[in-house]
Amino acid sequence: MKSPSSKHKKISSGSTGSTVTNPSQKSSLAGLEGDYVNHIKPSSRQDTIEQLDYYYGLVKRQLLRYQSPTSHLFPAQSSNTEHASIRDSIYCSAAVWSLYQAYRRLDDDRGKSYELGQSAVACMRGVLATWMRQSPKLEQWKVKNCPKLSLHTMVGLHTGEEVLNYKQYNHLQLDVVCLYLLYLVQMITSGLEIVYSMEEVALVQNLVYYIERAYRTPDFGTWGRGTKYNDGNPEVSASAIGMAKAALEAVNGFNLFGERGSNYSVIYADIDAHNRNRSIFETLLPRESNTKNTDVSLLSTISYPAFATQNEELYTVTKSRVVKYLKGEYGFKRFIRDGFGSELEDLQRRYYQKGETLEFEHVENEWPIFYIFMIIDGIFKDNPKQVVEYQDLISQRIVYDQISGDPLVPMMYSVPTNAMKEEKSDPKSQKRKITISNLMGATNDVFLWGQAMFIISELLTNNLLHIYELDPIKRYLPCYARQKPVGRYSSFLGGTAASDLVIQVVMIAESTRLQCMLANYGIQTQTPTEVEPVQIWPPSELVRVFQSMGKSSKLQLNGRPNRPIGSLGTSKLYRVCGKTVLCYPIIFSASEFYLSHDMALLTEDIRDELKFIGKCWRLVGRPTFCILISEQDMRDPQFSEMLNFLAELRHGHCEGVKVRLGRLQNLLSSSCIEHLDFLPGQDSSLEIQPVQELKHLYAGYQSLTDIPKILEIHEDLSDFASQYQHTSSRDIVEILRNLSHVYGSIQLCGILLHREGPDFQIGELSVKEKLEHMHKEAGHLRYWAALRYSSSLLKQMVDSISPYATQIIVNGKTLTVGTVGVDFEEFDKPCSPQEIHTALYTKVQPYNIIGAVLQQELILYCGKIIATKPEMFDGILCLRMARFVTAIEMYQGFVNPKEPCHIENLAPSKIRKTLMKVLELTTAGNKQTPVILTSHQVNSLNGCLTRVPANFYPSVYSTLQRCPGGLTFLSKHLPQEPTIKMMDPKELSFFHMVENLLAQYAVPHFIFLMIRVLTILATVLKRNPELTYKEELKIDDLIKDGVQLYLKDHNLLNEVDLSEFTENTDLTGFLSLDQTVLDSYIARAIVNLLLGAEIGKMGMECKLQ
């Protein structure tokens, strides 16, 4: 055997002794399954054995030596004898397993392979046992996601018990659970037996539920610190969401008992949850989060071990950004302004003070371990140049154990205190030292994560381990090249949806007479009886079935939480307890909310669903979409729109998506079918209620003209609430007895509800019962104003609002609900429906009853639009729902100036179309929409939406740099210091700070003028680098000065009083100017201020390029 010293020389050099796999090798991997020992073996068998034995010694001395004999977990550092880190334990287990995989090549491995495999199994089972003890917390998490209920990621080293509570350590790190699930699948696929019982299967299924909503769960990230400010606040991060996406793909349809397992040990992942994680992950990249432009943890997400994106462009730009901003001479920084382990960090405080992160700029600690991640990435991506580059870098940073001579990867390198000043002024100029503090322990302290990754990289670079042995489920390959799992369970294809995907459409008519009527128009349908033995289920019944999945009475786990099934989930057929089942989508479910009464909106929703499925389908087999048509639908005044749409489907395409109409029995063979085998013998206890056919004695209606239509109502939208607000309750009850005015009756019920409560009696009915009765009547009449008013009084919520709010937020926007100039609630993190409900009914309803439900509608529409057309919201940083309502009212007033504007009585479909019109008209560079408004009207709409031009917020940052006195907006001041030191010009939190300053103003055209002033000011300063303004710069005064110049030029100074200049001052003449002329007045006012002297009329030539 080679001496350790000679081997160390090989490791520490960047020579060809540690070379990358042959570049030509990768191309032959896909089909290589057999005699790979002979395909890639070192020069001699003896050399292979010697090398493997050397790494066996390293693993024993550097990893297994520190594995707890009782819990089988690992500490983060060898000097820590109290705490085990779950993340570090998983990576250590992966390194041990990697060597196990390498030893399996040998015919006679002298028992080492089995020993290593069992050590890996022991660790993975240790983690499982740790989380099993926390199962009550896991069950509560499914109801409410909060840090208090998160699974612990730091536990007792020898007991696996909870040792630090959530106030002492930020345990909410979703990527740890994702990492565990990924390696669990990898190791079981390689042949290890890790899961032994059905209780453990149930626990793993519940771990899937734990991570499914990563896309809307702010956590503390890989580093356990949340935002980059280390202020105790969690945030949604791309690294966690990407890990969740990868874990869901790996675990879906996987049998935890391996090839010999039963049907009951298969794990299921929700395809809709996976899709939301995928789309939001790809939306966030290449950013890490709202506060972090990038983070080195993204390397492990986009490359080994997760391989979370198959989009080569996203992978390249994300990796390039990490390398550009975080790579150093000693390793990679974790993220910009990371103070962890720095000699400037105050170890007595857990969190930083405001602005403290500025102290760490350019002196962040550097972690050599990420050189190793880049080496492994280079091997998987077949990039020998990258491998050699980072081998050279890591070889300069490795140190050697003073006793054994073993190579050690230091945890991190820091800048010495006496070199801080020089390093800050000239980055990368000073020598760093290995970080030693009470955080890290002794000099030769073993950083186990670093050693684990080092061993994996060495096995790979020395051809002792192949990439498909390290990644048996082949996540490194493109989705189409991965081996499809054999079995009866659906599997993710990943990548992009098939370009020629066909959506199968089944039309189900509620009754035979409805079927006959539709046949008159050439639309072929089936009744529920005709599709038998296949059953049509409401999605709520499938939710009930799924509640048995992952259920365990011993662990007190109740299975799948009561979450709705999304449109991708209802596009699969299911085999349940011997039955074949198709679910109709949730949009056809009966809902108390009034949107279900708008047939035109339902038609648009079906179009959107088909488009969405066509874009997001990632499963083997075709999606099957069920359209359920009821007799109630055909009584709708707008049913003709539905008929036209159904007739359009016969042509075989809809919204650019291929569709195939057919009888359900004929479509089964090509469908995606899911087997729900977790229900052994429970079919009798479920009592499922499938859709039943309506039976009629007479199948009468032959055409649309024969169908009794709903009566239309015509009554004034009088304000009864104001008229009778001081009338006594007894008198109001008397008025209600004889009042036939529907809208008025609902308003009077609202007064009584507010005064007397829901149980106050009006004759035989309580106030609440009377309201519910009136609500149903308004629904039958399609009386939208009355419906909205009663819906708000009943405090109703639209179904599944959270995913739409989340879609808005993860696109880098914030969402607010509230009342302009009064009160609002801002959501900058994904939120629950309860939080939105509370905000709407405390910040909106007390001031505007109908506004509480109108804003819900707009959240729904904006969420749908931003998911498919994000460019519509370019320049709008915060979606303020109250302002969106105002913009729609303004648009209606511009288009129909002679008609009173009652948007509360517009059909929901009309509101949605108007919103689209407003967004299209105000989107910069949109040439497709015909211009039907004046430029002044478009500017007012832009001001109302606070839509700003490209690069606006960084330009405000540049302006602030040139204004030591800061900028003042109305009564709020934006100081230069510490703002420009604490924040970056492209930091989203700075953008939101400026947007909040603009949001103080209530008048839309004034907001537009503020945006113009700031844009022109930045341009003037950019073109004149010598100019600065040392005093406080009041932006309002610049508008006032521009208006004054205009009035002076037109001899109107005496006609307008500017002494009390506010946003409500009449600026009609000024605003009606041509845009170029208006800009020139603003530019003159700016130059006058900056130069301190008025310029002549030649300034009229000043214009923006």
# chains A, B, ... in the order shown; residues from 1 in each chain; ligands from 1
call {"tool": "residues_around", "arguments": {"residues": "A:Tyr55", "least_positions_apart": "6", "cutoff": "12 Å", "atoms": "only C-alpha atoms", "output": "number ranges by chain"}}
result
A: 2, 4, 7-8, 11, 48-49, 61-63, 95-96, 98-100, 102-103, 112, 116, 406-407, 451-452, 454-460, 462, 464-465
call {"tool": "write_last_selection", "arguments": {"atoms": "N, CA, C and O atoms", "output": "compact mmCIF listing (two decimals), in the first residue's frame"}}
result
# COMPACT_ATOMS: atom_id res chain seq x y z
N LYS A 2 0.43 2.31 -0.69
CA LYS A 2 1.20 3.54 -0.74
C LYS A 2 1.23 4.18 0.64
O LYS A 2 0.27 4.10 1.40
N PRO A 4 0.93 7.12 3.31
CA PRO A 4 0.03 8.25 3.38
C PRO A 4 0.65 9.52 2.84
O PRO A 4 0.01 10.30 2.17
N LYS A 7 0.53 9.81 -0.86
CA LYS A 7 -0.85 10.01 -1.31
C LYS A 7 -1.27 11.45 -1.08
O LYS A 7 -1.96 12.06 -1.88
N HIS A 8 -0.82 12.03 0.05
CA HIS A 8 -1.18 13.41 0.36
C HIS A 8 -0.65 14.36 -0.70
O HIS A 8 -1.31 15.31 -1.08
N ILE A 11 -2.99 14.41 -3.56
CA ILE A 11 -4.24 15.11 -3.31
C ILE A 11 -4.03 16.61 -3.34
O ILE A 11 -4.80 17.36 -3.89
N THR A 48 -6.24 0.21 -7.49
CA THR A 48 -7.61 0.56 -7.11
C THR A 48 -7.85 0.22 -5.64
O THR A 48 -8.40 1.03 -4.89
N ILE A 49 -7.44 -0.98 -5.25
CA ILE A 49 -7.65 -1.43 -3.86
C ILE A 49 -6.91 -0.52 -2.89
O ILE A 49 -7.44 -0.11 -1.86
N ARG A 61 -11.28 7.82 9.95
CA ARG A 61 -10.63 8.77 10.86
C ARG A 61 -11.35 10.12 10.91
O ARG A 61 -11.36 10.77 11.95
N GLN A 62 -11.92 10.53 9.76
CA GLN A 62 -12.45 11.89 9.68
C GLN A 62 -13.97 11.97 9.81
O GLN A 62 -14.50 13.03 10.12
N LEU A 63 -14.67 10.87 9.54
CA LEU A 63 -16.13 10.91 9.61
C LEU A 63 -16.69 9.94 10.65
O LEU A 63 -17.28 10.34 11.64
N ALA A 95 -21.20 10.71 1.89
CA ALA A 95 -19.80 10.41 1.60
C ALA A 95 -19.48 8.94 1.91
O ALA A 95 -18.80 8.26 1.14
N VAL A 96 -19.99 8.45 3.05
CA VAL A 96 -19.79 7.05 3.43
C VAL A 96 -20.42 6.14 2.38
O VAL A 96 -19.84 5.14 1.94
N SER A 98 -20.99 6.88 -0.73
CA SER A 98 -20.21 6.99 -1.98
C SER A 98 -19.07 5.98 -1.99
O SER A 98 -18.81 5.32 -3.00
N LEU A 99 -18.38 5.86 -0.84
CA LEU A 99 -17.29 4.90 -0.77
C LEU A 99 -17.84 3.47 -0.82
O LEU A 99 -17.22 2.57 -1.40
N TYR A 100 -19.01 3.27 -0.21
CA TYR A 100 -19.70 1.96 -0.31
C TYR A 100 -19.95 1.61 -1.77
O TYR A 100 -19.69 0.48 -2.21
N ALA A 102 -18.29 2.71 -4.34
CA ALA A 102 -17.00 2.45 -5.00
C ALA A 102 -16.48 1.04 -4.69
O ALA A 102 -15.97 0.33 -5.56
N TYR A 103 -16.63 0.60 -3.44
CA TYR A 103 -16.16 -0.73 -3.02
C TYR A 103 -16.96 -1.85 -3.68
O TYR A 103 -16.47 -2.97 -3.82
N LYS A 112 -15.74 -4.48 3.71
CA LYS A 112 -15.77 -3.02 3.93
C LYS A 112 -17.00 -2.38 3.30
O LYS A 112 -17.57 -1.43 3.86
N LEU A 116 -19.61 -0.05 5.41
CA LEU A 116 -19.88 1.34 5.04
C LEU A 116 -21.37 1.55 4.76
O LEU A 116 -21.97 2.55 5.18
N ASP A 406 -3.44 13.66 7.66
CA ASP A 406 -4.59 13.63 6.76
C ASP A 406 -4.93 15.03 6.26
O ASP A 406 -4.81 16.01 7.02
N PRO A 407 -5.36 15.15 5.00
CA PRO A 407 -5.78 16.47 4.49
C PRO A 407 -7.08 16.91 5.15
O PRO A 407 -7.99 16.12 5.36
N GLN A 451 -15.13 17.72 4.81
CA GLN A 451 -14.44 16.44 4.58
C GLN A 451 -15.29 15.49 3.74
O GLN A 451 -14.79 14.77 2.89
N ALA A 452 -16.60 15.49 4.00
CA ALA A 452 -17.51 14.61 3.24
C ALA A 452 -17.47 14.97 1.76
O ALA A 452 -17.34 14.08 0.89
N PHE A 454 -15.11 16.59 0.20
CA PHE A 454 -13.75 16.34 -0.30
C PHE A 454 -13.60 14.87 -0.71
O PHE A 454 -13.06 14.56 -1.78
N ILE A 455 -14.09 13.97 0.13
CA ILE A 455 -13.97 12.54 -0.15
C ILE A 455 -14.77 12.18 -1.42
O ILE A 455 -14.29 11.45 -2.28
N ILE A 456 -15.97 12.74 -1.55
CA ILE A 456 -16.78 12.47 -2.75
C ILE A 456 -16.06 12.95 -4.00
O ILE A 456 -15.97 12.24 -5.01
N SER A 457 -15.49 14.16 -3.93
CA SER A 457 -14.81 14.72 -5.12
C SER A 457 -13.56 13.92 -5.46
O SER A 457 -13.26 13.70 -6.64
N GLU A 458 -12.84 13.46 -4.45
CA GLU A 458 -11.63 12.68 -4.71
C GLU A 458 -11.98 11.32 -5.34
O GLU A 458 -11.29 10.86 -6.26
N LEU A 459 -13.03 10.69 -4.88
CA LEU A 459 -13.46 9.41 -5.47
C LEU A 459 -13.82 9.61 -6.94
O LEU A 459 -13.52 8.78 -7.79
N LEU A 460 -14.47 10.75 -7.23
CA LEU A 460 -14.87 11.02 -8.62
C LEU A 460 -13.66 11.33 -9.50
O LEU A 460 -13.51 10.77 -10.59
N ASN A 462 -10.60 10.60 -9.19
CA ASN A 462 -9.65 9.50 -9.35
C ASN A 462 -10.28 8.27 -10.01
O ASN A 462 -9.72 7.18 -9.97
N LEU A 464 -12.59 6.40 -9.15
CA LEU A 464 -12.96 5.31 -8.26
C LEU A 464 -14.48 5.21 -8.11
O LEU A 464 -15.00 4.20 -7.65
N LEU A 465 -15.14 6.28 -8.50
CA LEU A 465 -16.61 6.34 -8.41
C LEU A 465 -17.11 7.02 -9.67
O LEU A 465 -16.52 8.00 -10.13
call {"tool": "residues_around", "arguments": {"residues": "stretch 826-840 of chain A", "least_positions_apart": "5", "cutoff": "9 Å", "atoms": "only C-alpha atoms", "output": "NGL selection string"}}
result
:A and (144 or 215-218 or 235-236 or 795-797 or 799-803 or 805-807 or 809-810 or 812-818 or 845 or 851-853 or 855-856 or 878 or 880)
call {"tool": "write_last_selection", "arguments": {"atoms": "N, CA and C atoms", "output": "short mmCIF file (atom, residue, chain, number, x, y, z; two decimals), in the first residue's frame"}}
result
data_model
loop_
_atom_site.label_atom_id
_atom_site.label_comp_id
_atom_site.auth_asym_id
_atom_site.auth_seq_id
_atom_site.Cartn_x
_atom_site.Cartn_y
_atom_site.Cartn_z
N LYS A 144 -50.71 24.83 10.29
CA LYS A 144 -50.15 26.18 10.32
C LYS A 144 -48.64 26.12 10.19
N TYR A 215 -42.82 26.80 -1.78
CA TYR A 215 -42.96 28.00 -2.62
C TYR A 215 -43.65 29.14 -1.87
N ARG A 216 -44.37 28.85 -0.79
CA ARG A 216 -45.06 29.91 -0.07
C ARG A 216 -44.70 29.92 1.42
N THR A 217 -43.58 29.24 1.75
CA THR A 217 -43.16 29.16 3.15
C THR A 217 -41.83 29.87 3.35
N PRO A 218 -41.83 31.07 3.91
CA PRO A 218 -40.56 31.74 4.22
C PRO A 218 -39.79 30.92 5.25
N GLU A 235 -37.43 34.27 4.90
CA GLU A 235 -37.86 34.72 3.57
C GLU A 235 -37.92 33.53 2.62
N VAL A 236 -38.70 33.69 1.56
CA VAL A 236 -38.77 32.67 0.52
C VAL A 236 -37.49 32.72 -0.29
N LYS A 795 -68.90 38.07 4.87
CA LYS A 795 -67.44 37.86 5.01
C LYS A 795 -66.97 36.62 4.25
N GLN A 796 -67.42 36.51 3.01
CA GLN A 796 -67.05 35.36 2.19
C GLN A 796 -65.66 35.57 1.58
N MET A 797 -65.03 34.43 1.20
CA MET A 797 -63.72 34.46 0.56
C MET A 797 -63.76 33.64 -0.71
N ASP A 799 -62.39 31.01 -3.40
CA ASP A 799 -61.69 29.75 -3.18
C ASP A 799 -60.22 29.85 -3.61
N SER A 800 -59.34 29.22 -2.83
CA SER A 800 -57.91 29.08 -3.17
C SER A 800 -57.27 30.39 -3.61
N ILE A 801 -57.35 31.40 -2.74
CA ILE A 801 -56.77 32.70 -3.10
C ILE A 801 -55.26 32.74 -2.87
N SER A 802 -54.75 31.91 -1.94
CA SER A 802 -53.32 31.97 -1.59
C SER A 802 -52.37 31.74 -2.76
N PRO A 803 -52.61 30.71 -3.61
CA PRO A 803 -51.67 30.50 -4.72
C PRO A 803 -51.57 31.72 -5.64
N ALA A 805 -52.08 34.95 -4.71
CA ALA A 805 -51.32 35.97 -3.98
C ALA A 805 -49.83 35.62 -4.00
N THR A 806 -49.53 34.35 -3.82
CA THR A 806 -48.13 33.89 -3.83
C THR A 806 -47.49 34.13 -5.19
N GLN A 807 -48.25 33.87 -6.25
CA GLN A 807 -47.73 34.07 -7.61
C GLN A 807 -47.31 35.52 -7.81
N ILE A 809 -46.36 37.62 -5.37
CA ILE A 809 -45.24 37.95 -4.47
C ILE A 809 -43.92 37.39 -4.99
N VAL A 810 -43.94 36.16 -5.49
CA VAL A 810 -42.67 35.56 -5.92
C VAL A 810 -42.18 36.12 -7.26
N GLY A 812 -41.44 39.03 -7.42
CA GLY A 812 -40.71 40.22 -6.95
C GLY A 812 -41.61 41.38 -6.60
N LYS A 813 -42.91 41.16 -6.58
CA LYS A 813 -43.87 42.22 -6.24
C LYS A 813 -44.31 42.08 -4.79
N THR A 814 -44.90 43.14 -4.26
CA THR A 814 -45.63 42.99 -3.00
C THR A 814 -47.10 43.23 -3.31
N LEU A 815 -47.94 42.80 -2.40
CA LEU A 815 -49.39 42.88 -2.58
C LEU A 815 -49.96 43.63 -1.38
N THR A 816 -50.80 44.62 -1.64
CA THR A 816 -51.46 45.28 -0.51
C THR A 816 -52.96 45.28 -0.71
N VAL A 817 -53.67 45.13 0.39
CA VAL A 817 -55.12 45.32 0.40
C VAL A 817 -55.39 46.41 1.42
N GLY A 818 -56.37 47.25 1.15
CA GLY A 818 -56.66 48.33 2.08
C GLY A 818 -57.47 49.43 1.44
N GLN A 845 -63.26 46.55 4.50
CA GLN A 845 -64.71 46.53 4.68
C GLN A 845 -65.26 47.65 5.57
N GLY A 851 -65.72 46.99 -1.56
CA GLY A 851 -64.28 46.92 -1.84
C GLY A 851 -63.63 45.65 -1.32
N ALA A 852 -64.15 45.10 -0.21
CA ALA A 852 -63.55 43.90 0.39
C ALA A 852 -63.63 42.70 -0.53
N VAL A 853 -64.68 42.60 -1.36
CA VAL A 853 -64.77 41.47 -2.29
C VAL A 853 -64.22 41.83 -3.67
N GLN A 855 -61.59 43.60 -4.18
CA GLN A 855 -60.14 43.42 -4.11
C GLN A 855 -59.76 41.95 -4.16
N GLN A 856 -60.63 41.08 -3.63
CA GLN A 856 -60.38 39.64 -3.78
C GLN A 856 -60.40 39.24 -5.25
N CYS A 878 -45.46 47.23 -6.56
CA CYS A 878 -46.42 46.85 -5.52
C CYS A 878 -47.82 46.89 -6.11
N ARG A 880 -51.22 47.36 -5.50
CA ARG A 880 -52.14 47.89 -4.48
C ARG A 880 -53.56 47.74 -5.00
#
call {"tool": "select_by_dssp", "arguments": {"residues": "stretch 897-1038 of chain A", "states": "strand (DSSP E or B)", "output": "ChimeraX atom specification"}}
result
/A:947,967-969,972-974,1033-1034
call {"tool": "atom_distance", "arguments": {"atom1": "atom CA of A:Ser630", "atom2": "atom CA of A:Glu604"}}
result
17.1 Å
call {"tool": "closest_residue", "arguments": {"among": "A:Glu655, A:Asp716, A:Asp270, A:Glu772", "to": "A:Arg607", "atoms": "only C-alpha atoms"}}
result
A:Glu655
call {"tool": "residues_around", "arguments": {"residues": "A:Met1010", "least_positions_apart": "3", "cutoff": "9 Å", "atoms": "only C-alpha atoms", "output": "CSV table (one decimal) with all heavy atoms, in the first residue's frame"}}
result
chain,number,residue,atom,x,y,z
A,943,GLY,N,-49.9,56.5,-13.3
A,943,GLY,CA,-49.7,57.1,-11.9
A,943,GLY,C,-50.5,56.3,-10.9
A,943,GLY,O,-50.0,56.0,-9.8
A,969,PHE,N,-40.3,63.4,0.2
A,969,PHE,CA,-41.5,63.1,-0.5
A,969,PHE,C,-42.6,63.5,0.5
A,969,PHE,O,-42.8,62.8,1.5
A,969,PHE,CB,-41.6,61.7,-0.9
A,969,PHE,CG,-40.5,61.2,-1.8
A,969,PHE,CD1,-39.3,60.9,-1.3
A,969,PHE,CD2,-40.8,61.0,-3.2
A,969,PHE,CE1,-38.3,60.5,-2.2
A,969,PHE,CE2,-39.8,60.5,-4.0
A,969,PHE,CZ,-38.5,60.3,-3.5
A,998,LEU,N,-43.7,56.9,-2.7
A,998,LEU,CA,-44.6,57.4,-3.7
A,998,LEU,C,-46.1,57.0,-3.4
A,998,LEU,O,-47.0,57.8,-3.8
A,998,LEU,CB,-44.3,56.7,-5.1
A,998,LEU,CG,-43.0,57.1,-5.7
A,998,LEU,CD1,-42.7,56.3,-7.0
A,998,LEU,CD2,-42.9,58.6,-6.1
A,1005,HIS,N,-52.5,61.5,-11.1
A,1005,HIS,CA,-51.6,62.3,-12.0
A,1005,HIS,C,-50.5,62.9,-11.3
A,1005,HIS,O,-49.4,63.2,-11.9
A,1005,HIS,CB,-52.5,63.4,-12.8
A,1005,HIS,CG,-53.1,64.4,-11.9
A,1005,HIS,ND1,-54.4,64.6,-11.8
A,1005,HIS,CD2,-52.5,65.4,-11.2
A,1005,HIS,CE1,-54.7,65.6,-10.9
A,1005,HIS,NE2,-53.5,66.1,-10.6
A,1006,PHE,N,-50.6,63.2,-10.0
A,1006,PHE,CA,-49.5,63.7,-9.2
A,1006,PHE,C,-48.4,62.7,-9.0
A,1006,PHE,O,-47.2,63.0,-9.1
A,1006,PHE,CB,-50.0,64.2,-7.9
A,1006,PHE,CG,-49.1,65.2,-7.2
A,1006,PHE,CD1,-49.2,66.6,-7.6
A,1006,PHE,CD2,-48.1,64.9,-6.3
A,1006,PHE,CE1,-48.3,67.5,-7.0
A,1006,PHE,CE2,-47.3,65.8,-5.7
A,1006,PHE,CZ,-47.4,67.1,-6.1
A,1007,ILE,N,-48.8,61.4,-8.8
A,1007,ILE,CA,-47.8,60.3,-8.7
A,1007,ILE,C,-47.0,60.2,-10.1
A,1007,ILE,O,-45.8,60.1,-10.1
A,1007,ILE,CB,-48.5,59.0,-8.4
A,1007,ILE,CG1,-49.2,59.1,-7.1
A,1007,ILE,CG2,-47.5,57.8,-8.4
A,1007,ILE,CD1,-50.1,57.9,-6.8
A,1013,VAL,N,-40.5,63.6,-12.6
A,1013,VAL,CA,-39.4,64.5,-12.0
A,1013,VAL,C,-38.2,63.7,-11.6
A,1013,VAL,O,-37.1,64.0,-11.9
A,1013,VAL,CB,-40.0,65.2,-10.7
A,1013,VAL,CG1,-38.9,65.8,-9.9
A,1013,VAL,CG2,-41.0,66.3,-11.1
A,1014,LEU,N,-38.4,62.5,-10.9
A,1014,LEU,CA,-37.3,61.7,-10.5
A,1014,LEU,C,-36.5,61.1,-11.7
A,1014,LEU,O,-35.3,61.0,-11.7
A,1014,LEU,CB,-37.8,60.6,-9.6
A,1014,LEU,CG,-38.3,61.0,-8.2
A,1014,LEU,CD1,-39.1,59.9,-7.6
A,1014,LEU,CD2,-37.1,61.4,-7.3
A,1015,THR,N,-37.2,60.8,-12.8
A,1015,THR,CA,-36.6,60.3,-14.0
A,1015,THR,C,-35.7,61.3,-14.6
A,1015,THR,O,-34.5,61.1,-15.0
A,1015,THR,CB,-37.6,59.7,-15.0
A,1015,THR,OG1,-38.5,58.8,-14.3
A,1015,THR,CG2,-37.0,59.1,-16.2
A,1035,ILE,N,-39.0,66.9,-3.5
A,1035,ILE,CA,-39.5,66.6,-4.9
A,1035,ILE,C,-40.8,67.3,-5.2
A,1035,ILE,O,-40.9,67.8,-6.4
A,1035,ILE,CB,-39.7,65.1,-5.0
A,1035,ILE,CG1,-38.4,64.3,-4.5
A,1035,ILE,CG2,-40.0,64.7,-6.4
A,1035,ILE,CD1,-37.2,64.6,-5.3
A,1036,ASP,N,-41.6,67.5,-4.2
A,1036,ASP,CA,-42.9,68.3,-4.5
A,1036,ASP,C,-42.6,69.7,-5.0
A,1036,ASP,O,-43.3,70.2,-5.9
A,1036,ASP,CB,-43.7,68.4,-3.2
A,1036,ASP,CG,-44.1,67.0,-2.7
A,1036,ASP,OD1,-43.2,66.2,-2.5
A,1036,ASP,OD2,-45.3,66.8,-2.4
A,1038,LEU,N,-40.2,70.7,-6.8
A,1038,LEU,CA,-39.7,70.7,-8.2
A,1038,LEU,C,-40.9,70.7,-9.1
A,1038,LEU,O,-40.9,71.4,-10.2
A,1038,LEU,CB,-38.9,69.5,-8.5
A,1038,LEU,CG,-37.4,69.5,-7.9
A,1038,LEU,CD1,-36.7,68.2,-8.2
A,1038,LEU,CD2,-36.6,70.7,-8.6
A,1039,ILE,N,-42.0,70.0,-8.7
A,1039,ILE,CA,-43.3,70.0,-9.5
A,1039,ILE,C,-43.8,71.4,-9.5
A,1039,ILE,O,-44.2,72.0,-10.5
A,1039,ILE,CB,-44.3,69.0,-9.0
A,1039,ILE,CG1,-43.7,67.6,-9.2
A,1039,ILE,CG2,-45.6,69.1,-9.7
A,1039,ILE,CD1,-44.6,66.5,-8.6
call {"tool": "residues_around", "arguments": {"residues": "A:Pro870", "least_positions_apart": "4", "cutoff": "12 Å", "atoms": "only C-alpha atoms", "output": "PyMOL selection string"}}
result
chain A and resi 283+807-813+862-866+874-877+919-920+923
call {"tool": "residues_around", "arguments": {"residues": "A:Ile271", "least_positions_apart": "5", "cutoff": "9 Å", "atoms": "only C-alpha atoms", "output": "ChimeraX atom specification"}}
result
/A:248,252,276,492,566,568-569,617-619
call {"tool": "atom_distance", "arguments": {"atom1": "atom CA of A:Leu1033", "atom2": "atom CA of A:Leu967"}}
result
4.9 Å
call {"tool": "closest_residue", "arguments": {"among": "A:Leu518, A:Lys167, A:Leu64, A:Leu106", "to": "A:Ala120", "atoms": "only C-alpha atoms"}}
result
A:Leu64
call {"tool": "residues_around", "arguments": {"residues": "A:Gly339", "least_positions_apart": "2", "cutoff": "6 Å", "atoms": "only C-alpha atoms", "output": "count of residues only"}}
result
3
